[in-house]
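Structure file my_file-v5.cif (mmCIF, C-alpha atoms) follows.
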```
data_entry
#
loop_
_atom_site.label_atom_id
_atom_site.label_comp_id
_atom_site.auth_asym_id
_atom_site.auth_seq_id
_atom_site.Cartn_x
_atom_site.Cartn_y
_atom_site.Cartn_z
CA MET A 1 45.24 -5.68 12.81
CA ASN A 2 48.70 -4.25 12.29
CA ASN A 3 50.40 -7.39 13.50
CA ASP A 4 48.39 -9.38 11.01
CA THR A 5 49.51 -7.25 8.10
CA HIS A 6 53.07 -7.57 9.25
CA GLU A 7 52.94 -11.33 9.28
CA GLY A 8 50.91 -11.56 6.12
CA GLY A 9 53.08 -9.08 4.26
CA ALA A 10 56.00 -11.42 3.68
CA PRO A 11 54.77 -14.97 3.25
CA GLY A 12 58.12 -16.52 2.46
CA PRO A 13 58.37 -20.07 1.22
CA GLY A 14 59.89 -20.97 4.57
CA GLY A 15 56.69 -20.12 6.48
CA LYS A 16 54.74 -23.03 7.90
CA GLY A 17 51.39 -23.88 6.37
CA GLN A 18 49.27 -22.67 9.27
CA LYS A 19 50.47 -19.10 9.23
CA LYS A 20 49.30 -18.65 5.65
CA PHE A 21 45.73 -18.02 6.79
CA PHE A 22 46.54 -14.82 8.66
CA PHE A 23 46.56 -12.70 5.53
CA SER A 24 44.85 -9.38 5.99
CA ARG A 25 43.58 -7.45 3.00
CA ARG A 26 46.30 -5.58 1.18
CA LYS A 27 46.14 -1.78 1.29
CA TYR A 28 45.76 0.10 -1.97
CA CYS A 29 45.45 3.69 -3.08
CA VAL A 30 41.77 4.60 -3.22
CA PHE A 31 42.38 7.45 -5.65
CA CYS A 32 44.35 5.30 -8.09
CA LYS A 33 41.57 2.74 -8.02
CA ASP A 34 38.96 5.37 -8.94
CA ARG A 35 41.33 6.94 -11.48
CA ILE A 36 41.16 10.37 -9.90
CA LYS A 37 43.52 12.82 -11.62
CA PHE A 38 43.19 15.76 -9.32
CA ILE A 39 41.93 15.81 -5.76
CA ASP A 40 39.54 18.71 -5.34
CA PHE A 41 39.35 20.39 -1.94
CA LYS A 42 35.61 20.89 -2.46
CA ASN A 43 34.99 17.15 -2.03
CA TYR A 44 35.48 17.61 1.68
CA LYS A 45 33.48 14.50 2.45
CA THR A 46 36.08 12.23 0.88
CA LEU A 47 38.83 14.22 2.56
CA GLU A 48 37.24 13.63 5.96
CA SER A 49 38.07 9.94 5.83
CA PHE A 50 41.80 10.76 5.62
CA VAL A 51 41.77 12.91 8.73
CA LEU A 52 41.67 11.93 12.39
CA GLU A 53 38.96 13.22 14.70
CA THR A 54 41.45 15.72 16.04
CA GLY A 55 41.91 17.03 12.51
CA LYS A 56 45.33 15.50 11.93
CA ILE A 57 46.15 14.22 8.45
CA LEU A 58 46.75 10.46 8.36
CA PRO A 59 50.07 9.36 6.83
CA GLY A 60 50.05 7.50 3.52
CA ARG A 61 51.52 4.38 5.10
CA VAL A 62 48.40 4.06 7.24
CA THR A 63 45.78 4.70 4.56
CA GLY A 64 47.70 3.10 1.69
CA THR A 65 47.50 6.22 -0.47
CA CYS A 66 50.25 6.41 -3.11
CA ASN A 67 52.86 9.16 -2.96
CA TYR A 68 51.41 11.14 -5.87
CA HIS A 69 47.95 11.26 -4.34
CA GLN A 70 49.12 11.73 -0.76
CA LYS A 71 50.90 14.92 -1.80
CA GLN A 72 47.75 16.20 -3.47
CA LEU A 73 45.62 15.04 -0.59
CA THR A 74 47.56 17.01 2.02
CA LYS A 75 47.27 20.14 -0.09
CA ALA A 76 43.58 19.60 -0.66
CA ILE A 77 43.02 19.12 3.08
CA LYS A 78 44.89 22.31 3.87
CA ARG A 79 42.84 24.22 1.33
CA ALA A 80 39.66 22.75 2.73
CA ARG A 81 40.74 23.92 6.18
CA HIS A 82 41.27 27.42 4.89
CA MET A 83 37.75 27.48 3.44
CA ALA A 84 36.32 26.10 6.71
CA PHE A 85 35.21 22.77 5.22
CA LEU A 86 37.45 20.94 7.67
CA LYS A 87 38.69 22.00 11.08
CA TYR A 88 42.27 22.73 11.96
CA VAL A 89 44.08 20.40 14.36
CA GLU A 90 42.63 20.54 17.84
CA PRO A 91 44.80 20.13 20.93
CA LYS A 92 44.32 16.88 22.88
CA ARG A 93 41.97 17.11 25.85
CA ASP A 94 43.43 15.01 28.60
CA MET B 1 48.59 33.25 -22.26
CA LYS B 2 45.33 32.16 -20.77
CA ARG B 3 45.21 29.91 -17.79
CA LYS B 4 42.50 28.11 -15.91
CA TYR B 5 41.73 29.52 -12.51
CA GLU B 6 39.34 28.50 -9.83
CA ILE B 7 38.13 31.22 -7.52
CA GLY B 8 36.21 30.53 -4.35
CA PHE B 9 34.95 32.96 -1.75
CA ILE B 10 32.71 33.07 1.29
CA ILE B 11 30.19 35.88 1.68
CA ASN B 12 28.83 37.26 4.93
CA PRO B 13 25.62 35.30 5.75
CA GLU B 14 23.80 38.33 7.14
CA VAL B 15 23.70 39.96 3.73
CA THR B 16 20.60 40.00 1.46
CA GLU B 17 20.39 38.11 -1.83
CA GLU B 18 20.69 41.28 -3.87
CA VAL B 19 23.99 42.14 -2.26
CA VAL B 20 25.22 38.60 -2.91
CA LYS B 21 24.40 39.06 -6.59
CA LYS B 22 26.16 42.40 -6.62
CA ILE B 23 29.29 40.92 -5.10
CA ILE B 24 29.37 38.09 -7.65
CA ASP B 25 28.81 40.56 -10.48
CA SER B 26 31.63 42.77 -9.27
CA VAL B 27 34.05 39.82 -9.23
CA VAL B 28 32.89 38.73 -12.69
CA GLU B 29 33.38 42.26 -13.94
CA VAL B 30 37.00 42.31 -12.77
CA ILE B 31 37.68 39.02 -14.55
CA LYS B 32 36.09 40.24 -17.77
CA LYS B 33 38.05 43.49 -17.65
CA GLY B 34 41.23 41.42 -17.47
CA ASP B 35 40.34 39.59 -20.73
CA GLY B 36 39.02 36.58 -18.90
CA THR B 37 36.09 34.34 -19.79
CA ILE B 38 33.82 32.75 -17.26
CA GLU B 39 33.18 29.05 -17.67
CA ASN B 40 31.02 28.30 -14.69
CA ILE B 41 29.59 29.92 -11.59
CA ASP B 42 28.71 27.63 -8.72
CA GLU B 43 26.60 29.07 -5.93
CA TRP B 44 26.60 26.62 -3.06
CA GLY B 45 24.48 28.77 -0.80
CA ARG B 46 24.65 28.70 2.97
CA ARG B 47 26.92 26.24 4.72
CA LYS B 48 28.03 25.88 8.31
CA PHE B 49 31.73 26.33 9.00
CA ALA B 50 33.86 23.62 10.60
CA TYR B 51 35.13 26.33 12.94
CA PRO B 52 34.00 29.92 13.60
CA ILE B 53 35.61 32.60 11.46
CA GLY B 54 35.54 35.82 13.44
CA ARG B 55 31.98 36.17 14.67
CA PHE B 56 30.48 34.03 11.90
CA HIS B 57 29.44 30.39 12.13
CA GLU B 58 28.15 30.01 8.58
CA GLY B 59 28.65 31.60 5.19
CA ILE B 60 27.50 31.78 1.58
CA TYR B 61 29.89 29.85 -0.68
CA VAL B 62 30.51 30.81 -4.31
CA PHE B 63 32.93 29.15 -6.75
CA ILE B 64 33.86 30.52 -10.17
CA ASP B 65 35.81 28.71 -12.91
CA THR B 66 37.58 31.00 -15.35
CA ASP B 67 39.95 31.10 -18.30
CA ALA B 68 42.03 34.23 -17.89
CA PRO B 69 45.57 35.65 -18.33
CA GLY B 70 47.73 35.84 -15.23
CA ALA B 71 47.78 39.63 -15.37
CA MET B 72 44.20 39.62 -14.11
CA TYR B 73 45.22 38.15 -10.79
CA ALA B 74 46.46 41.34 -9.10
CA ALA B 75 43.22 43.19 -9.79
CA LEU B 76 41.16 40.21 -8.77
CA GLU B 77 42.99 39.76 -5.48
CA ARG B 78 42.59 43.46 -4.74
CA ARG B 79 38.86 43.29 -5.35
CA LEU B 80 38.44 40.17 -3.22
CA LYS B 81 40.45 41.66 -0.38
CA LEU B 82 38.71 45.01 -0.42
CA THR B 83 35.12 43.80 -0.68
CA GLU B 84 33.80 44.07 2.85
CA ASN B 85 31.32 41.23 2.81
CA ILE B 86 33.76 38.61 1.55
CA ILE B 87 34.98 36.76 4.62
CA ARG B 88 37.52 34.51 2.94
CA PHE B 89 38.68 33.64 -0.57
CA ILE B 90 40.92 31.23 -2.44
CA VAL B 91 42.35 31.42 -5.98
CA LEU B 92 43.86 28.31 -7.57
CA ARG B 93 45.67 27.85 -10.87
CA LEU B 94 44.68 24.48 -12.27
CA ASP B 95 46.82 24.05 -15.43
CA ASP B 96 50.03 22.57 -14.12
CA LYS B 97 48.16 20.14 -11.94
CA LEU B 98 46.29 18.81 -14.95
CA LYS B 99 49.57 18.52 -16.87
CA LYS B 100 51.06 16.46 -14.09
CA ALA B 101 47.95 14.33 -14.10
CA ASN B 102 48.60 13.46 -17.76
CA ARG B 103 51.70 11.59 -16.70
CA LEU B 104 49.62 9.61 -14.27
CA ILE B 105 47.03 8.83 -16.93
CA LYS B 106 49.74 7.45 -19.23
CA LYS B 107 50.96 5.27 -16.41
CA TRP B 108 47.45 3.97 -15.85
CA GLN B 109 47.00 3.28 -19.56
CA ARG B 110 50.24 1.32 -19.59
CA GLY B 111 49.04 -0.63 -16.58
CA GLU B 112 45.71 -1.34 -18.24
CA LYS B 113 47.39 -2.58 -21.41
CA LEU B 114 49.52 -4.96 -19.39
CA ALA B 115 46.50 -6.13 -17.45
CA ARG B 116 44.56 -6.71 -20.68
CA LYS B 117 47.41 -8.66 -22.21
CA ALA B 118 47.68 -10.72 -19.07
CA GLN B 119 43.94 -11.39 -19.18
CA GLU B 120 44.00 -12.42 -22.83
CA ALA B 121 46.93 -14.69 -22.18
CA GLY B 122 45.07 -16.07 -19.19
CA LYS B 123 41.92 -16.73 -21.22
CA GLU B 124 43.71 -18.60 -23.95
CA GLU B 125 45.46 -21.05 -21.76
CA THR B 126 43.73 -20.33 -18.44
CA ALA B 127 45.03 -21.99 -15.32
CA PRO B 128 48.16 -23.91 -16.26
CA ARG B 129 50.16 -20.92 -17.41
CA ARG B 130 49.18 -18.63 -14.57
CA TYR B 131 50.19 -20.97 -11.84
CA SER B 132 53.13 -22.40 -13.67
CA SER B 133 55.50 -21.31 -10.96
CA ALA B 134 53.24 -22.23 -8.05
CA PRO B 135 53.35 -26.04 -7.98
CA GLU B 136 56.91 -26.19 -6.75
CA LYS B 137 56.02 -24.18 -3.68
CA GLU B 138 52.90 -26.21 -3.01
CA VAL B 139 54.87 -29.40 -3.15
CA GLY B 140 57.27 -27.91 -0.67
CA ASN B 141 54.46 -27.04 1.71
CA ASP B 142 52.94 -30.48 1.54
CA GLU B 143 56.10 -31.99 2.77
#
```
Represent the structure contained in this file as structure tokens.
Amino acid sequence: MNNDTHEGGAPGPGGKGQKKFFFSRRKYCVFCKDRIKFIDFKNYKTLESFVLETGKILPGRVTGTCNYHQKQLTKAIKRARHMAFLKYVEPKRD
Amino acid sequence: MKRKYEIGFIINPEVTEEVVKKIIDSVVEVIKKGDGTIENIDEWGRRKFAYPIGRFHEGIYVFIDTDAPGAMYAALERRLKLTENIIRFIVLRLDDKLKKANRLIKKWQRGEKLARKAQEAGKEETAPRRYSSAPEKEVGNDE
């Protein structure tokens, strides 16, 4: 997946015709799309999709969230953790 | 100056409904004493925690939206801290976040205007104008 985005990200005019078909869908900010002004920590279900199973917050470059919303998102997740909607980060079991 | 606050707290699940009501009333009373008005009280009821807090695995969630001066906060925090059956609480000031959001809304509106203009321009003369720059590249690829 990631390799595909890398190749598809910069389709220069010099690229040969065949490679053009390896476009993957472009990432976009989900919150900007839905025109969300303020991310509420009570919507823990939406927050869950931006957190790994271990409880770690995913970086914006992975999810495609814009800077403005990523900042809000991290705060909202931390608030949700405090109110026990989400769990804190668990240590790896290996 | 009045500000918008959001107060949330978790009540001990072993407590009876009457006590829950009493706790909510006591918090409301503190807000009203501090010249605050209550806009909304949300009682979520019982919910399981994502992780155990002390010996509890679930709790009764209550959220209150208020319009109140900042001076009320000290008394409110004291009450929330000292009430035995409140396991955890959170108090958020919402104003400045909404102000920041206004900037974002303006940006969106600008974006929408541009998009609309682009659409109208696209409708009038449809395909030729949109892809005016494309043919050169396509020719290059064909070669």
- Task: Return as a PyMOL selection string the residues belonging to chain A that are within 10 Å of chain B, counting all atoms listed in the file.
- Result: chain A and resi 13-17+32-33+35-39+42+68+72+79-88
- Query: Selected by the PyMOL selection byres ((chain B and resi 76) around 10) in the shown coordinates: which residues, as a PyMOL selection string?
  - Reply: chain B and resi 7+26-31+33-34+71-75+77-82+91
- Taking the file as shown, find all residues satisfying the PyMOL selection byres ((chain A and resi 60) around 10) and write them as a VMD selection string. chain A and resid 29 50 57 to 59 61 to 67 69 to 71 73 to 74
Size and centre in Å, one decimal, axis-aligned box, all listed segment 26-33 of chain B atoms plus 8 Å per side, as JSON:
```
{"center_x": 34.8, "center_y": 41.1, "center_z": -13.5, "size_x": 22.4, "size_y": 20.8, "size_z": 24.5}
```
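A straight line drawn from atom CA of Ala68 of chain B to atom CA of Lys75 of chain A is 23.3 Å long.
Atom pair atom CA of Trp44 of chain B / atom CA of Asp25 of chain B: separated by 15.9 Å.
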- Message: Here's the selection I'm unsure about, the PyMOL selection byres ((chain A and resi 92) around 12); applied to the file above, which residues does it give, as a VMD selection string?
- Response: chain A and resid 52 to 56 89 to 91 93 to 94
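For the pair atom CA of Asn85 of chain B and atom CA of Asp42 of chain B, the separation is 18.0 Å.
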